[in-house]
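Shown next, in structure tokens, is the structure this report addresses.
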Amino acid sequence: MRGLAELAAKAGSRDDENAVLGLDLSQAEQFYQQMVLIRYAEERLLDLFSTGALNGTTHTSIGQEANAVGVINALDRSLDTVWSHHRCHGHFIAYSGQVASLFAEVMGRTLGVCRGRGGSQHLCYRNFYSNGIQGGIAPLAVGSALGDRAKGAVTVVFIGDGTTGEGALYESLNMAAVWNVPVLFVLEDNGIAQTTPKELTLAGALDRRAEPFGIRSFAYDGADVMDIHALASDAVRYVRHESRPAWLYIRTERIGPHSKGDDTRSPERIAAARARDPLPILRSRVANAADIESRCMAIVDSAVSLAQQAPIARG
Amino acid sequence: MRVVESLNSALLDLMTCDQRVVLLGEDVLDPYGGAFKVTKGASDRFPDRVWTTPISEGGIVGVANGLAIKGWRPIVEIMFGDFTTLAFDQILNHAAKFAWMYDDQVTVPLVVRTPMGGRRGYGPTHSQSLEKHFCGIPGVAVYAVHQYGSPGTLLREAAARDQPSVFIENKVLYARPVEAVEALPNPPSPDVVILAYGGCVEVAVAAAKLLREEEIAARVVPVTRLWPFPEEEIRLAVGPCRHVLSVEEGAPGWGFAAQCALALVNKGVSFAHIAGPDHPIPSSAAWEADLLPSPQGVFRAVESLLGGAQAI
């Protein structure tokens with residue numbers, strides 16, 4: 001077994017991170033690489049679960065990659081803060097490029113980004129945080145945005161349609177508005193909370209949810225990462241320069257199950273979700289898509305291998 | 001100096017000495033200065049570091065957690081301890097967990113200050129002593145102030161921690177004068193040791209006076225650090241004494257008494273306890289007084305204990 005320091009160095013050096021995120025590529029290539037990387041990583045996680053190589057649970061964002069990539073690339077990774085939730089792998093990879101330490105974390109290995117303590121939905125890396133309590137991260141995002149306001153930083157908090165059932169969200173919208181807090185609420189509306197369609201549990205419009213608080217809203221229905229990035233950039237610019245909160249609503253589709261195998265949707269409904277897959281939309285506009293895909297597969301292969309060589313976290 | 005002034009002065013000093021200390025709470029702005037006046041003068045002196053908040057206890061503590069992660073040192077006032085239930089998720093599932101589950105990449109130096117306790121006629125939802133529900137949360141320290149010694153020093157201790165604290169201020173204490181530790185009954189060879197915290201310390205002190213008239217020597221041990229529980233400190237304070245009574249104001253069960261008894265298991269001690277009622281606290285002043293620990297109640301419990309209880 002290789003030394004942990006060597007593994008960690010391989011998994012987390014700054015140069016690797018930039019390469020993994022494709023930060024020196026054209027914007028389309030960069031976004032495609034990040035989306036494919038998220039897709040491959042999450043598909044691999046599901047494979048590893050099905051073969052019994054992983055413990056616990058995972059919530060994949062397959063189908064929603066364009067949201068993570070479009071929004072996070074509108075941020076300054078060294079200055080701004082990101083809060084995410086149980087479905088956080090896509091956001092995490094787009095922010096950090098830390099694929100090996102994500103796999104290691106989900107595998108409960110010491111190479112994990114939290115040394116195997118947090119697992120799939122409790123990640124922390126630089127200014128990225130995730131937690132598994134619905135709505136609980138919303139006031140934290142208001143607090144982190146308030147705390148870093150003088151630095152010109154913004155905080156983004158990702159929530160799902162299901163989280164609009166939580167009271168903490170509305171307390172947060174109110175405080176963000178009344179205190180002029182530079183926080184961007186990003187609602188990824190995939191129309192379903194675990195197995196329950198939103199029509200059964202949620203009243204009113206989600207795209208205009210924040211307007212009664214005097215919070216400016218941005219809305220998008222689609223899966224083109226370039227559109228999402230352009231809209232998110234507008235929203236982030238507004239939040240940063242006006243020091244005001246904003247609400248970015250994205251109508252999206254979750255292609256995969258809620259967690260591992262708990263999909264009760266009809267085949268037709270899942271097919272409708274697949275029809276809005278963001279990857280093919282961008283692929284047609286990227287010249288060297290196949291190269292990017294092989295690079296991503298190699299990154300995932302190497303990450304899994306590194307993670308599996310690391311010691312299991314305990315005590 | 002009264003307890004409220006000791007706390008207020010410590011709070012203002014903390015804000016003076018450390019620019020990272022910020023204050024959040026409902027109705028904390030001057031000239032009102034908080035429902036119990038502990039925050040008086042803070043917003044006049046530090047307008048940029050005091051936020052008067054909406055009635056959103058969960059949200060306020062959540063915002064404070066976010067500030068804490070970003071290097072600020074927030075002190076949150078929850079107007080009545082009864083309302084801490086609304087912030088429980090932020091304390092238990094957020095503040096308490098972050099340092100450990102994020103592998104010490106963050107600290108959460110949060111203090112949640114709140115008044116607890118009855119004897120004010122406020123009824124079932126404004127009179128409770130809910131601190132036991134915060135004791136036993138890994139990572140969270142729970143303090144309970146009393147008037148002997150320096151209440152403000154205890155607040156400084158809580159504020160100096162890099163992890164979350166819940167700071168309990170029994171609301172009848174605010175108006176009490178601060179007294180020297182030497183004023184606590186501490187006979188060299190006590191017949192009984194009374195363990196108490198918060199607003200029950202003065203009840204135990206008054207009971208000790210009654211007991212002295214009957215030539216029963218009682219030592220009163222005030223506990224200020226409820227969690228982590230100071231087991232060794234309790235054992236040292238009990239010493240060779242074989243009779244111990246614990247007194248708490250909250251509802252009985254899974255509380256202070258159980259923790260005290262655990263500290264004394266196999267020490268050959270006869271142990272008894274008294275607590276508040278196992279139903280909500282009524283508004284009627286007379287009924288409330290019947291239900292909450294009283295000097296007479298403590299006196300009777302000690303008499304009964306010395307009359308022959310079994311050792312634990």
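Starting from 1 in every chain, residues are counted up; chains themselves are A, B, ... following the order of the structure tokens, and ligands are numbered from 1 as listed.
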Query - Backbone-only DSSP, strand (DSSP E or B) members of stretch 171-215 of chain A, as a list of chain:residue names - result: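 Selecting the strand (DSSP E or B) positions of stretch 171-215 of chain A gives A:Val183, A:Leu184, A:Phe185, A:Val186, A:Leu187, A:Glu188, A:Asp189, A:Ile192, A:Ala193, A:Thr196, A:Pro197.
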Dump of N, CA, C and O atoms for the selected residues, as a compact mmCIF listing (two decimals), in the first residue's frame:
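New file result33.txt:
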# COMPACT_ATOMS: atom_id res chain seq x y z
N VAL A 183 -26.49 36.60 -1.05
CA VAL A 183 -26.65 35.14 -1.13
C VAL A 183 -27.56 34.81 -2.31
O VAL A 183 -28.57 35.48 -2.52
N LEU A 184 -27.15 33.81 -3.09
CA LEU A 184 -27.96 33.36 -4.22
C LEU A 184 -28.57 32.00 -3.88
O LEU A 184 -27.85 31.04 -3.63
N PHE A 185 -29.89 31.97 -3.83
CA PHE A 185 -30.60 30.71 -3.61
C PHE A 185 -30.82 30.08 -4.99
O PHE A 185 -31.42 30.71 -5.86
N VAL A 186 -30.31 28.87 -5.17
CA VAL A 186 -30.52 28.18 -6.45
C VAL A 186 -31.47 27.02 -6.21
O VAL A 186 -31.13 26.06 -5.51
N LEU A 187 -32.65 27.11 -6.78
CA LEU A 187 -33.64 26.04 -6.63
C LEU A 187 -33.60 25.16 -7.86
O LEU A 187 -33.95 25.59 -8.96
N GLU A 188 -33.15 23.93 -7.67
CA GLU A 188 -33.18 22.94 -8.75
C GLU A 188 -34.48 22.16 -8.59
O GLU A 188 -34.60 21.31 -7.72
N ASP A 189 -35.43 22.49 -9.43
CA ASP A 189 -36.76 21.88 -9.34
C ASP A 189 -36.81 20.68 -10.28
O ASP A 189 -37.00 20.83 -11.48
N ILE A 192 -39.77 16.30 -8.13
CA ILE A 192 -40.08 15.13 -7.31
C ILE A 192 -39.21 15.13 -6.06
O ILE A 192 -38.02 15.44 -6.13
N ALA A 193 -39.82 14.81 -4.93
CA ALA A 193 -39.07 14.71 -3.69
C ALA A 193 -39.06 13.24 -3.29
O ALA A 193 -40.09 12.69 -2.90
N THR A 196 -42.21 11.41 -4.22
CA THR A 196 -43.47 12.13 -4.22
C THR A 196 -43.45 13.31 -5.19
O THR A 196 -42.65 14.24 -5.01
N PRO A 197 -44.32 13.28 -6.21
CA PRO A 197 -44.35 14.41 -7.15
C PRO A 197 -44.75 15.69 -6.41
O PRO A 197 -45.59 15.65 -5.51
Query - Surrounding residues of B:Leu306 excluding itself and chain neighbours under 3 positions, 7 Å, only C-alpha atoms, as a PyMOL selection string - result: chain B and resi 243+302-303
Can those selected residues be exported to a file as a PDB file, in the first residue's frame so that it contains N, CA and C atoms?
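The resulting file, out_8.pdb, is reproduced below:
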ATOM      1  N   HIS B 243     -24.346  11.353  52.387  1.00  0.00           N
ATOM      2  CA  HIS B 243     -25.725  11.700  52.019  1.00  0.00           C
ATOM      3  C   HIS B 243     -25.721  12.839  51.005  1.00  0.00           C
ATOM      4  N   VAL B 302     -34.076  16.338  52.785  1.00  0.00           N
ATOM      5  CA  VAL B 302     -32.844  16.019  53.525  1.00  0.00           C
ATOM      6  C   VAL B 302     -33.193  15.227  54.788  1.00  0.00           C
ATOM      7  N   GLU B 303     -34.230  15.666  55.491  1.00  0.00           N
ATOM      8  CA  GLU B 303     -34.647  14.940  56.697  1.00  0.00           C
ATOM      9  C   GLU B 303     -34.950  13.481  56.370  1.00  0.00           C
TER      10      GLU B 303
END
Interface rows for chain A against chain B: nearest pair, Å to one decimal, 6 Å, only C-alpha atoms, as JSON lines:
{"residue": "A:Cys114", "atom": "CA", "partner": "B:Asp103", "partner_atom": "CA", "distance": 5.0}
{"residue": "A:Arg117", "atom": "CA", "partner": "B:Met101", "partner_atom": "CA", "distance": 5.2}
{"residue": "A:Gly118", "atom": "CA", "partner": "B:Met101", "partner_atom": "CA", "distance": 5.0}
{"residue": "A:Cys124", "atom": "CA", "partner": "B:Tyr102", "partner_atom": "CA", "distance": 5.6}
{"residue": "A:Pro139", "atom": "CA", "partner": "B:Gly62", "partner_atom": "CA", "distance": 4.7}
{"residue": "A:Leu140", "atom": "CA", "partner": "B:Gly66", "partner_atom": "CA", "distance": 4.2}
{"residue": "A:Val142", "atom": "CA", "partner": "B:Val63", "partner_atom": "CA", "distance": 5.8}
{"residue": "A:Gly143", "atom": "CA", "partner": "B:Val63", "partner_atom": "CA", "distance": 3.9}
{"residue": "A:Ser144", "atom": "CA", "partner": "B:Gly66", "partner_atom": "CA", "distance": 4.4}
{"residue": "A:Gly147", "atom": "CA", "partner": "B:Leu67", "partner_atom": "CA", "distance": 5.0}
{"residue": "A:Glu171", "atom": "CA", "partner": "B:Gly59", "partner_atom": "CA", "distance": 5.6}
Those residues you just picked out, can you put them in a file as a compact mmCIF listing (two decimals), in the first residue's frame with C-alpha atoms?
# COMPACT_ATOMS: atom_id res chain seq x y z
CA CYS A 114 -13.36 14.72 5.57
CA ARG A 117 -16.09 11.02 8.79
CA GLY A 118 -18.86 12.64 6.76
CA CYS A 124 -16.31 20.14 3.34
CA PRO A 139 -29.78 30.15 7.21
CA LEU A 140 -26.15 29.01 7.28
CA VAL A 142 -27.25 33.67 4.90
CA GLY A 143 -24.74 33.68 7.76
CA SER A 144 -21.72 32.85 5.64
CA GLY A 147 -19.85 37.06 7.35
CA GLU A 171 -36.88 32.50 7.61
Query raised in the report: What is the distance, in Å and to one decimal place, between atom CA of A:Asp221 and atom CA of A:Tyr40?
Result: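 Taking atom CA of A:Asp221 and atom CA of A:Tyr40, their separation equals 24.3 Å.
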Query - stretch 58-186 of chain B: residues DSSP assigns to helix (DSSP H, G or I), reported as a PyMOL selection string - result: chain B and resi 58-69+81-101+131-133+151-160+181-183
Within 8 Å of stretch 10-12 of chain B, counting only C-alpha atoms, which residues qualify if same-chain residues fewer than 4 places away don't, as a short mmCIF file (atom, residue, chain, number, x, y, z; two decimals) with N, CA and C atoms, in the first residue's frame?
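Result saved to around-v3.cif:
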data_model
loop_
_atom_site.label_atom_id
_atom_site.label_comp_id
_atom_site.auth_asym_id
_atom_site.auth_seq_id
_atom_site.Cartn_x
_atom_site.Cartn_y
_atom_site.Cartn_z
N SER B 6 -23.57 41.91 35.82
CA SER B 6 -22.35 41.13 35.63
C SER B 6 -22.31 40.53 34.22
N THR B 16 -15.90 44.57 23.14
CA THR B 16 -14.84 45.58 23.08
C THR B 16 -13.51 44.95 22.73
N THR B 39 -28.44 42.64 27.12
CA THR B 39 -27.72 43.20 25.97
C THR B 39 -27.72 44.74 25.99
N GLY B 41 -27.01 48.47 25.96
CA GLY B 41 -25.81 49.24 25.63
C GLY B 41 -25.02 48.67 24.46
N ALA B 42 -25.28 47.44 24.09
CA ALA B 42 -24.48 46.80 23.02
C ALA B 42 -24.72 47.47 21.67
N GLY B 152 -20.40 36.80 35.06
CA GLY B 152 -19.77 37.26 33.82
C GLY B 152 -18.57 36.42 33.42
N THR B 153 -17.83 35.94 34.42
CA THR B 153 -16.66 35.11 34.11
C THR B 153 -17.07 33.81 33.43
N LEU B 155 -19.66 33.47 31.51
CA LEU B 155 -20.00 33.81 30.12
C LEU B 155 -18.73 33.95 29.28
N ARG B 156 -17.69 34.54 29.87
CA ARG B 156 -16.42 34.64 29.13
C ARG B 156 -15.87 33.26 28.81
#
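Candidate residues B:Ser9, B:Gln147, B:Gln19, B:Asn170 were compared for distance to B:Gly250, and the nearest is B:Asn170, using only C-alpha atoms.
For the residues B:Pro124, B:Pro164, B:His146, B:Val192, ranking by smallest atom-to-atom distance to B:Val178 using only C-alpha atoms places B:His146 first.
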